[in-house]
Amino acid sequence: DMIERLAATDLAQAEADDGIQVESAVSLGYQGITINVANGDKGDNPWGNDKRLRQALSYAVDREAINQVVFNGAFAAGNQPFPPNSPWYSTDFAVPERDVEKAKALLAEAGFADGINLEVQVPNTTIPLQLMQVVQSMAAEAGINISITSKEFATLLADQSAGDYQASQIGWSGRVDPDGNIHQFMTTEGGINDSKYSNPEVDELLDKARKSNDQDTRRESYTAARAILNDEMPIVYLYHETWIWALDSGISGFTPYPDGMIRLEGMKKEES
């Protein structure tokens, strides 16, 4: 009667079937590339030490093209820890257009006019590998030569936590409160700050947002933190998943929620 998390590649087929209704919601989380900035010896390299390289990687990718090629246009391009339909998303920082020449200029400015290598660890499942192959192709045009290391997910997480990586394609399922999408990843003592990024001003801003109940105060703090993080870029955000459900056309009362959970209250099915 119902399929949850329908693959984006199956969306067109489901929508074309009169017996199926499709519902969707942009998720609370994000997907991106986490760069090892200071997590052990593997963070002590040009990618960890020079934000211009991380900026170049961001400019080298076309986020909307990724959405179209990998996800048939069903997902949402992104450049923040909050999805574009979130009240916490800052319109001050629009998803950047791809700019290969800008990426090349940043590489040259950082001393890598002839190009630079980057190893990215990736979960050994279909979608992350497809995603990184597209990113790999785009980045190569700017002179960033990405090598993809495929790992079982638990191994990837363990290596990331231990600092045994240069960059990691990974995301976060997201939380309703914005604190859960940014504080633990971006503060100096953050529990999931596997890049070991540290900036006292970001710490202060995110702590201020965490302690306040005033929505305007929190939004101002997140926006100010984003201004710094968009420049220093320990995580290169790429997109936000969309949860997709396919239901028997006789079902009514279903509400899609951005946390991806199914709530059965109020749902019913008409028997044919």
# chains A, B, ... in the order shown; residues from 1 in each chain; ligands from 1

$ residues_around --residues "stretch 15-24 of chain A" --least-positions-apart "2" --cutoff "7 Å" --atoms "only C-alpha atoms" --output "list in words"
Leu11, Ala12, Gln13, Val26, Thr242, Trp243, Ile244, Trp245, Ala246, Leu247, Asp248, Ser249 and Pro256 of chain A

$ residues_around --residues "A:Lys104" --least-positions-apart "6" --cutoff "8 Å" --atoms "only C-alpha atoms" --output "PyMOL selection string"
chain A and resi 56+113+142-143

$ closest_atom_pairs --of "stretch 9-32 of chain A" --to "stretch 226-235 of chain A" --cutoff "12 Å" --atoms "only C-alpha atoms" --output "CSV"
residue,atom,partner,partner_atom,distance
A:Tyr30,CA,A:Ile235,CA,10.7
A:Gln31,CA,A:Ile235,CA,9.5
A:Gly32,CA,A:Ile235,CA,6.6

$ residues_around --residues "A:Gln169" --least-positions-apart "6" --cutoff "10 Å" --atoms "only C-alpha atoms" --output "ChimeraX atom specification"
/A:31-35,120-123,128-129,131-132,148,156,235-238

$ closest_residue --among "A:Gln215, A:Gln55, A:Asn49, A:Thr255" --to "A:Asp99" --atoms "only C-alpha atoms"
A:Gln55

$ residues_around --residues "A:Asp92" --least-positions-apart "6" --cutoff "12 Å" --atoms "only C-alpha atoms" --output "PDB file with N, CA and C atoms, in the first residue's frame"
ATOM      1  N   ASN A  79      23.766  24.843   0.072  1.00  0.00           N
ATOM      2  CA  ASN A  79      25.089  25.330   0.475  1.00  0.00           C
ATOM      3  C   ASN A  79      25.111  25.727   1.939  1.00  0.00           C
ATOM      4  N   GLN A  80      24.145  25.202   2.713  1.00  0.00           N
ATOM      5  CA  GLN A  80      24.041  25.512   4.128  1.00  0.00           C
ATOM      6  C   GLN A  80      23.619  24.264   4.894  1.00  0.00           C
ATOM      7  N   PRO A  84      16.676  24.861   1.996  1.00  0.00           N
ATOM      8  CA  PRO A  84      16.154  26.160   1.567  1.00  0.00           C
ATOM      9  C   PRO A  84      14.716  26.430   1.994  1.00  0.00           C
ATOM     10  N   ARG A 219      18.379  33.627  14.797  1.00  0.00           N
ATOM     11  CA  ARG A 219      18.566  33.750  13.348  1.00  0.00           C
ATOM     12  C   ARG A 219      19.757  34.659  13.031  1.00  0.00           C
ATOM     13  N   GLU A 220      19.883  35.757  13.745  1.00  0.00           N
ATOM     14  CA  GLU A 220      21.017  36.661  13.540  1.00  0.00           C
ATOM     15  C   GLU A 220      22.342  35.960  13.840  1.00  0.00           C
ATOM     16  N   TYR A 222      22.974  32.658  13.750  1.00  0.00           N
ATOM     17  CA  TYR A 222      23.258  31.661  12.716  1.00  0.00           C
ATOM     18  C   TYR A 222      23.731  32.316  11.429  1.00  0.00           C
ATOM     19  N   THR A 223      23.112  33.435  11.062  1.00  0.00           N
ATOM     20  CA  THR A 223      23.511  34.124   9.839  1.00  0.00           C
ATOM     21  C   THR A 223      24.934  34.653   9.949  1.00  0.00           C
ATOM     22  N   ALA A 224      25.285  35.193  11.095  1.00  0.00           N
ATOM     23  CA  ALA A 224      26.653  35.692  11.306  1.00  0.00           C
ATOM     24  C   ALA A 224      27.659  34.549  11.279  1.00  0.00           C
ATOM     25  N   ALA A 225      27.294  33.424  11.866  1.00  0.00           N
ATOM     26  CA  ALA A 225      28.175  32.254  11.828  1.00  0.00           C
ATOM     27  C   ALA A 225      28.325  31.742  10.409  1.00  0.00           C
ATOM     28  N   ARG A 226      27.219  31.729   9.656  1.00  0.00           N
ATOM     29  CA  ARG A 226      27.272  31.261   8.276  1.00  0.00           C
ATOM     30  C   ARG A 226      28.202  32.137   7.438  1.00  0.00           C
ATOM     31  N   ALA A 227      28.236  33.430   7.701  1.00  0.00           N
ATOM     32  CA  ALA A 227      29.120  34.316   6.944  1.00  0.00           C
ATOM     33  C   ALA A 227      30.576  33.872   7.088  1.00  0.00           C
ATOM     34  N   ASN A 230      30.903  30.196   5.450  1.00  0.00           N
ATOM     35  CA  ASN A 230      30.901  30.242   3.988  1.00  0.00           C
ATOM     36  C   ASN A 230      32.262  30.639   3.444  1.00  0.00           C
TER      37      ASN A 230
END

$ residues_around --residues "A:Ala8" --least-positions-apart "2" --cutoff "7 Å" --atoms "only C-alpha atoms" --output "list in words"
Leu6, Asp10, Leu11, Phe71, Asn72 and Ala74 of chain A

$ write_last_selection --atoms "N, CA, C and O atoms" --output "compact mmCIF listing (two decimals), in the first residue's frame"
# COMPACT_ATOMS: atom_id res chain seq x y z
N LEU A 6 11.09 6.39 -1.70
CA LEU A 6 11.17 6.00 -3.09
C LEU A 6 12.40 6.64 -3.71
O LEU A 6 12.70 7.81 -3.47
N ASP A 10 13.00 6.47 -9.61
CA ASP A 10 11.71 5.80 -9.84
C ASP A 10 10.54 6.78 -9.78
O ASP A 10 9.39 6.38 -9.94
N LEU A 11 10.83 8.05 -9.56
CA LEU A 11 9.77 9.03 -9.34
C LEU A 11 8.88 9.20 -10.57
O LEU A 11 7.65 9.20 -10.46
N PHE A 71 19.87 12.96 -9.25
CA PHE A 71 18.59 12.81 -8.54
C PHE A 71 17.37 13.20 -9.37
O PHE A 71 16.30 13.43 -8.84
N ASN A 72 17.56 13.28 -10.69
CA ASN A 72 16.44 13.58 -11.59
C ASN A 72 15.69 14.85 -11.19
O ASN A 72 14.47 14.96 -11.41
N ALA A 74 14.84 15.86 -8.29
CA ALA A 74 13.89 15.69 -7.19
C ALA A 74 14.39 16.24 -5.86
O ALA A 74 13.60 16.44 -4.94

$ closest_atom_pairs --of "stretch 112-156 of chain A" --to "stretch 37-48 of chain A" --cutoff "10 Å" --atoms "only C-alpha atoms" --output "CSV"
residue,atom,partner,partner_atom,distance
A:Phe112,CA,A:Pro46,CA,9.7
A:Ile116,CA,A:Pro46,CA,9.2
A:Asn117,CA,A:Trp47,CA,9.4
A:Leu118,CA,A:Trp47,CA,7.9

$ write_last_selection --atoms "N, CA, C and O atoms" --output "short mmCIF file (atom, residue, chain, number, x, y, z; two decimals), in the first residue's frame"
data_model
loop_
_atom_site.label_atom_id
_atom_site.label_comp_id
_atom_site.auth_asym_id
_atom_site.auth_seq_id
_atom_site.Cartn_x
_atom_site.Cartn_y
_atom_site.Cartn_z
N PHE A 112 48.78 26.59 -6.58
CA PHE A 112 48.54 25.32 -7.26
C PHE A 112 47.93 25.55 -8.64
O PHE A 112 46.92 24.96 -9.01
N ILE A 116 45.86 20.23 -8.16
CA ILE A 116 46.11 19.65 -6.85
C ILE A 116 45.25 18.41 -6.68
O ILE A 116 44.15 18.30 -7.25
N ASN A 117 45.75 17.46 -5.92
CA ASN A 117 45.03 16.21 -5.68
C ASN A 117 44.22 16.30 -4.39
O ASN A 117 44.57 17.02 -3.46
N LEU A 118 43.14 15.54 -4.36
CA LEU A 118 42.29 15.45 -3.17
C LEU A 118 41.72 14.05 -3.09
O LEU A 118 41.10 13.57 -4.04
#

$ atom_distance --atom1 "atom CA of A:Gln160" --atom2 "atom CA of A:Ser198"
16.6 Å

$ select_by_dssp --residues "stretch 166-258 of chain A" --states "alpha helix (DSSP H)" --output "ChimeraX atom specification"
/A:179-186,200-211,215-232

$ write_last_selection --atoms "N, CA, C and O atoms" --output "compact mmCIF listing (two decimals), in the first residue's frame"
# COMPACT_ATOMS: atom_id res chain seq x y z
N ASP A 179 20.01 24.00 15.95
CA ASP A 179 21.23 23.71 16.72
C ASP A 179 21.80 22.34 16.37
O ASP A 179 23.01 22.16 16.28
N GLY A 180 20.90 21.38 16.15
CA GLY A 180 21.34 20.02 15.88
C GLY A 180 22.01 19.83 14.54
O GLY A 180 22.64 18.79 14.31
N ASN A 181 21.90 20.82 13.64
CA ASN A 181 22.53 20.71 12.32
C ASN A 181 23.86 21.43 12.22
O ASN A 181 24.55 21.29 11.20
N ILE A 182 24.22 22.19 13.26
CA ILE A 182 25.42 23.01 13.10
C ILE A 182 26.34 23.04 14.32
O ILE A 182 27.56 22.98 14.17
N HIS A 183 25.77 23.12 15.54
CA HIS A 183 26.61 23.35 16.72
C HIS A 183 27.63 22.23 16.92
O HIS A 183 28.83 22.50 17.09
N GLN A 184 27.18 21.00 16.90
CA GLN A 184 28.09 19.88 17.20
C GLN A 184 29.11 19.62 16.09
O GLN A 184 30.10 18.93 16.30
N PHE A 185 28.89 20.20 14.92
CA PHE A 185 29.82 20.02 13.80
C PHE A 185 30.83 21.14 13.68
O PHE A 185 31.89 20.96 13.09
N MET A 186 30.49 22.33 14.21
CA MET A 186 31.29 23.51 13.91
C MET A 186 31.91 24.19 15.12
O MET A 186 32.68 25.15 14.95
N PRO A 200 36.95 30.78 17.48
CA PRO A 200 36.30 31.29 18.69
C PRO A 200 35.07 32.14 18.42
O PRO A 200 34.10 32.11 19.19
N GLU A 201 35.08 32.89 17.32
CA GLU A 201 33.92 33.73 17.00
C GLU A 201 32.72 32.86 16.63
O GLU A 201 31.58 33.15 17.04
N VAL A 202 32.96 31.80 15.87
CA VAL A 202 31.87 30.87 15.54
C VAL A 202 31.35 30.19 16.80
O VAL A 202 30.14 30.03 16.99
N ASP A 203 32.27 29.79 17.68
CA ASP A 203 31.86 29.20 18.96
C ASP A 203 30.92 30.13 19.72
O ASP A 203 29.86 29.72 20.21
N GLU A 204 31.30 31.40 19.80
CA GLU A 204 30.51 32.37 20.55
C GLU A 204 29.13 32.56 19.92
O GLU A 204 28.11 32.60 20.62
N LEU A 205 29.09 32.65 18.60
CA LEU A 205 27.82 32.86 17.91
C LEU A 205 26.88 31.67 18.06
O LEU A 205 25.68 31.82 18.31
N LEU A 206 27.43 30.47 17.91
CA LEU A 206 26.58 29.28 18.00
C LEU A 206 26.16 28.99 19.44
O LEU A 206 25.06 28.48 19.67
N ASP A 207 27.02 29.32 20.40
CA ASP A 207 26.62 29.19 21.80
C ASP A 207 25.51 30.19 22.13
O ASP A 207 24.57 29.86 22.87
N LYS A 208 25.61 31.39 21.57
CA LYS A 208 24.58 32.41 21.81
C LYS A 208 23.24 31.95 21.25
O LYS A 208 22.19 32.08 21.90
N ALA A 209 23.27 31.36 20.05
CA ALA A 209 22.03 30.86 19.45
C ALA A 209 21.45 29.71 20.27
O ALA A 209 20.23 29.61 20.44
N ARG A 210 22.32 28.86 20.80
CA ARG A 210 21.88 27.71 21.58
C ARG A 210 21.20 28.14 22.87
O ARG A 210 20.25 27.49 23.34
N LYS A 211 21.66 29.22 23.45
CA LYS A 211 21.16 29.65 24.77
C LYS A 211 19.93 30.55 24.71
O LYS A 211 19.33 30.84 25.74
N GLN A 215 13.73 34.02 18.62
CA GLN A 215 13.96 33.54 17.27
C GLN A 215 14.81 34.50 16.45
O GLN A 215 15.68 34.07 15.67
N ASP A 216 14.59 35.79 16.61
CA ASP A 216 15.38 36.77 15.86
C ASP A 216 16.85 36.75 16.29
O ASP A 216 17.75 36.83 15.45
N THR A 217 17.07 36.62 17.59
CA THR A 217 18.45 36.54 18.09
C THR A 217 19.15 35.31 17.53
O THR A 217 20.31 35.38 17.09
N ARG A 218 18.44 34.20 17.55
CA ARG A 218 19.03 32.96 17.04
C ARG A 218 19.33 33.08 15.54
O ARG A 218 20.41 32.70 15.08
N ARG A 219 18.38 33.63 14.80
CA ARG A 219 18.57 33.75 13.35
C ARG A 219 19.76 34.66 13.03
O ARG A 219 20.57 34.36 12.14
N GLU A 220 19.88 35.76 13.74
CA GLU A 220 21.02 36.66 13.54
C GLU A 220 22.34 35.96 13.84
O GLU A 220 23.33 36.15 13.12
N SER A 221 22.35 35.16 14.89
CA SER A 221 23.58 34.45 15.27
C SER A 221 23.96 33.42 14.22
O SER A 221 25.13 33.30 13.84
N TYR A 222 22.97 32.66 13.75
CA TYR A 222 23.26 31.66 12.72
C TYR A 222 23.73 32.32 11.43
O TYR A 222 24.66 31.82 10.77
N THR A 223 23.11 33.44 11.06
CA THR A 223 23.51 34.12 9.84
C THR A 223 24.93 34.65 9.95
O THR A 223 25.73 34.54 9.01
N ALA A 224 25.29 35.19 11.09
CA ALA A 224 26.65 35.69 11.31
C ALA A 224 27.66 34.55 11.28
O ALA A 224 28.76 34.68 10.72
N ALA A 225 27.29 33.42 11.87
CA ALA A 225 28.18 32.25 11.83
C ALA A 225 28.33 31.74 10.41
O ALA A 225 29.42 31.35 9.98
N ARG A 226 27.22 31.73 9.66
CA ARG A 226 27.27 31.26 8.28
C ARG A 226 28.20 32.14 7.44
O ARG A 226 28.88 31.64 6.53
N ALA A 227 28.24 33.43 7.70
CA ALA A 227 29.12 34.32 6.94
C ALA A 227 30.58 33.87 7.09
O ALA A 227 31.34 33.88 6.12
N ILE A 228 30.94 33.48 8.29
CA ILE A 228 32.31 33.01 8.53
C ILE A 228 32.52 31.63 7.90
O ILE A 228 33.52 31.38 7.23
N LEU A 229 31.56 30.74 8.10
CA LEU A 229 31.70 29.38 7.61
C LEU A 229 31.66 29.31 6.10
O LEU A 229 32.32 28.45 5.49
N ASN A 230 30.90 30.20 5.45
CA ASN A 230 30.90 30.24 3.99
C ASN A 230 32.26 30.64 3.44
O ASN A 230 32.62 30.29 2.32
N ASP A 231 33.02 31.38 4.25
CA ASP A 231 34.36 31.78 3.85
C ASP A 231 35.38 30.70 4.16
O ASP A 231 36.22 30.38 3.32
N GLU A 232 35.30 30.11 5.34
CA GLU A 232 36.32 29.15 5.76
C GLU A 232 36.01 27.73 5.30
O GLU A 232 36.91 26.91 5.16

$ select_by_dssp --residues "stretch 31-217 of chain A" --states "strand (DSSP E or B)" --output "ChimeraX atom specification"
/A:31-35,76-77,116-123,144-151,167-172

$ write_last_selection --atoms "N, CA and C atoms" --output "compact mmCIF listing (two decimals), in the first residue's frame"
# COMPACT_ATOMS: atom_id res chain seq x y z
N GLN A 31 23.73 16.95 2.74
CA GLN A 31 24.83 16.12 2.28
C GLN A 31 25.93 17.04 1.77
N GLY A 32 27.18 16.65 1.99
CA GLY A 32 28.28 17.48 1.54
C GLY A 32 29.61 16.76 1.62
N ILE A 33 30.67 17.54 1.59
CA ILE A 33 32.03 17.00 1.70
C ILE A 33 32.68 17.67 2.90
N THR A 34 32.98 16.88 3.92
CA THR A 34 33.68 17.38 5.10
C THR A 34 35.18 17.31 4.86
N ILE A 35 35.86 18.42 5.08
CA ILE A 35 37.31 18.49 4.88
C ILE A 35 38.01 18.36 6.24
N ALA A 76 17.07 18.99 -3.51
CA ALA A 76 17.25 20.44 -3.42
C ALA A 76 18.74 20.76 -3.34
N ALA A 77 19.22 21.58 -4.26
CA ALA A 77 20.61 22.04 -4.18
C ALA A 77 20.79 22.82 -2.89
N ILE A 116 45.86 20.23 -8.16
CA ILE A 116 46.11 19.65 -6.85
C ILE A 116 45.25 18.41 -6.68
N ASN A 117 45.75 17.46 -5.92
CA ASN A 117 45.03 16.21 -5.68
C ASN A 117 44.22 16.30 -4.39
N LEU A 118 43.14 15.54 -4.36
CA LEU A 118 42.29 15.45 -3.17
C LEU A 118 41.72 14.05 -3.09
N GLU A 119 41.93 13.39 -1.95
CA GLU A 119 41.35 12.05 -1.74
C GLU A 119 40.07 12.20 -0.92
N VAL A 120 38.98 11.67 -1.45
CA VAL A 120 37.68 11.75 -0.77
C VAL A 120 37.20 10.33 -0.47
N GLN A 121 36.96 10.05 0.80
CA GLN A 121 36.38 8.75 1.15
C GLN A 121 34.86 8.83 1.00
N VAL A 122 34.29 7.73 0.52
CA VAL A 122 32.88 7.70 0.13
C VAL A 122 32.26 6.38 0.61
N PRO A 123 31.04 6.41 1.14
CA PRO A 123 30.36 5.15 1.46
C PRO A 123 30.22 4.28 0.21
N ILE A 144 41.30 20.24 -9.97
CA ILE A 144 41.25 19.48 -8.72
C ILE A 144 41.06 18.00 -9.09
N ASN A 145 42.08 17.22 -8.80
CA ASN A 145 42.08 15.81 -9.20
C ASN A 145 41.64 14.95 -8.01
N ILE A 146 40.39 14.56 -8.02
CA ILE A 146 39.82 13.81 -6.91
C ILE A 146 40.00 12.32 -7.11
N SER A 147 40.54 11.66 -6.11
CA SER A 147 40.56 10.20 -6.08
C SER A 147 39.51 9.75 -5.06
N ILE A 148 38.73 8.74 -5.44
CA ILE A 148 37.62 8.28 -4.61
C ILE A 148 38.02 6.99 -3.91
N THR A 149 37.93 6.97 -2.60
CA THR A 149 38.20 5.78 -1.81
C THR A 149 36.88 5.28 -1.21
N SER A 150 36.42 4.13 -1.68
CA SER A 150 35.13 3.59 -1.24
C SER A 150 35.32 2.76 0.02
N LYS A 151 34.48 3.03 1.03
CA LYS A 151 34.59 2.33 2.30
C LYS A 151 33.21 1.91 2.81
N ALA A 167 39.32 14.03 3.09
CA ALA A 167 37.98 14.59 2.90
C ALA A 167 37.00 13.43 2.88
N SER A 168 35.75 13.71 3.23
CA SER A 168 34.76 12.65 3.40
C SER A 168 33.41 13.10 2.87
N GLN A 169 32.83 12.30 1.97
CA GLN A 169 31.48 12.60 1.50
C GLN A 169 30.50 12.00 2.50
N ILE A 170 29.84 12.87 3.21
CA ILE A 170 28.95 12.42 4.27
C ILE A 170 27.90 13.50 4.51
N GLY A 171 26.85 13.12 5.17
CA GLY A 171 25.80 14.09 5.47
C GLY A 171 25.24 13.88 6.86
N TRP A 172 24.07 14.45 7.06
CA TRP A 172 23.42 14.42 8.37
C TRP A 172 21.93 14.36 8.15

$ residues_around --residues "stretch 58-63 of chain A" --least-positions-apart "4" --cutoff "8 Å" --atoms "only C-alpha atoms" --output "ChimeraX atom specification"
/A:54,67,77-78,95-100,102-103,135,138-139,141-142,236,238-239

$ write_last_selection --atoms "N, CA and C atoms" --output "mmCIF file, in the first residue's frame"
data_model
loop_
_atom_site.group_PDB
_atom_site.id
_atom_site.type_symbol
_atom_site.label_atom_id
_atom_site.label_comp_id
_atom_site.auth_asym_id
_atom_site.auth_seq_id
_atom_site.Cartn_x
_atom_site.Cartn_y
_atom_site.Cartn_z
ATOM 1 N N ARG A 54 39.435 25.015 -0.472
ATOM 2 C CA ARG A 54 38.073 24.564 -0.179
ATOM 3 C C ARG A 54 37.051 25.429 -0.925
ATOM 4 N N ASN A 67 21.928 17.834 -8.863
ATOM 5 C CA ASN A 67 20.544 17.470 -8.564
ATOM 6 C C ASN A 67 19.869 16.852 -9.791
ATOM 7 N N ALA A 77 19.222 21.582 -4.262
ATOM 8 C CA ALA A 77 20.607 22.039 -4.179
ATOM 9 C C ALA A 77 20.789 22.822 -2.894
ATOM 10 N N GLY A 78 21.990 22.752 -2.318
ATOM 11 C CA GLY A 78 22.188 23.416 -1.036
ATOM 12 C C GLY A 78 23.612 23.863 -0.799
ATOM 13 N N VAL A 95 22.681 29.736 -3.097
ATOM 14 C CA VAL A 95 23.492 28.654 -3.650
ATOM 15 C C VAL A 95 24.363 29.231 -4.769
ATOM 16 N N PRO A 96 25.677 29.097 -4.659
ATOM 17 C CA PRO A 96 26.560 29.744 -5.642
ATOM 18 C C PRO A 96 26.483 29.090 -7.016
ATOM 19 N N GLU A 97 26.589 29.908 -8.038
ATOM 20 C CA GLU A 97 26.699 29.394 -9.398
ATOM 21 C C GLU A 97 28.081 28.775 -9.592
ATOM 22 N N ARG A 98 28.139 27.785 -10.441
ATOM 23 C CA ARG A 98 29.444 27.202 -10.763
ATOM 24 C C ARG A 98 30.303 28.249 -11.474
ATOM 25 N N ASP A 99 31.580 28.333 -11.073
ATOM 26 C CA ASP A 99 32.495 29.297 -11.673
ATOM 27 C C ASP A 99 33.878 28.645 -11.749
ATOM 28 N N VAL A 100 34.119 27.947 -12.854
ATOM 29 C CA VAL A 100 35.374 27.201 -13.011
ATOM 30 C C VAL A 100 36.567 28.146 -13.043
ATOM 31 N N LYS A 102 36.864 31.052 -11.569
ATOM 32 C CA LYS A 102 37.105 31.502 -10.200
ATOM 33 C C LYS A 102 37.827 30.415 -9.414
ATOM 34 N N ALA A 103 37.419 29.152 -9.614
ATOM 35 C CA ALA A 103 38.077 28.037 -8.934
ATOM 36 C C ALA A 103 39.543 27.950 -9.339
ATOM 37 N N VAL A 135 30.973 14.869 -9.107
ATOM 38 C CA VAL A 135 31.815 15.916 -8.523
ATOM 39 C C VAL A 135 33.247 15.791 -9.030
ATOM 40 N N MET A 138 33.475 17.283 -12.505
ATOM 41 C CA MET A 138 33.393 18.747 -12.470
ATOM 42 C C MET A 138 34.678 19.364 -11.924
ATOM 43 N N ALA A 139 35.165 18.806 -10.824
ATOM 44 C CA ALA A 139 36.352 19.362 -10.171
ATOM 45 C C ALA A 139 37.576 19.279 -11.076
ATOM 46 N N GLU A 141 37.836 19.770 -14.161
ATOM 47 C CA GLU A 141 37.879 20.888 -15.109
ATOM 48 C C GLU A 141 38.540 22.116 -14.496
ATOM 49 N N ALA A 142 38.553 22.181 -13.177
ATOM 50 C CA ALA A 142 39.182 23.314 -12.489
ATOM 51 C C ALA A 142 40.616 22.996 -12.066
ATOM 52 N N VAL A 236 31.833 21.515 2.629
ATOM 53 C CA VAL A 236 31.299 22.012 1.366
ATOM 54 C C VAL A 236 29.933 21.355 1.190
ATOM 55 N N LEU A 238 26.394 20.365 -0.414
ATOM 56 C CA LEU A 238 26.048 20.107 -1.810
ATOM 57 C C LEU A 238 24.555 20.040 -2.084
ATOM 58 N N TYR A 239 23.811 19.315 -1.242
ATOM 59 C CA TYR A 239 22.379 19.171 -1.523
ATOM 60 C C TYR A 239 21.638 18.699 -0.286
#
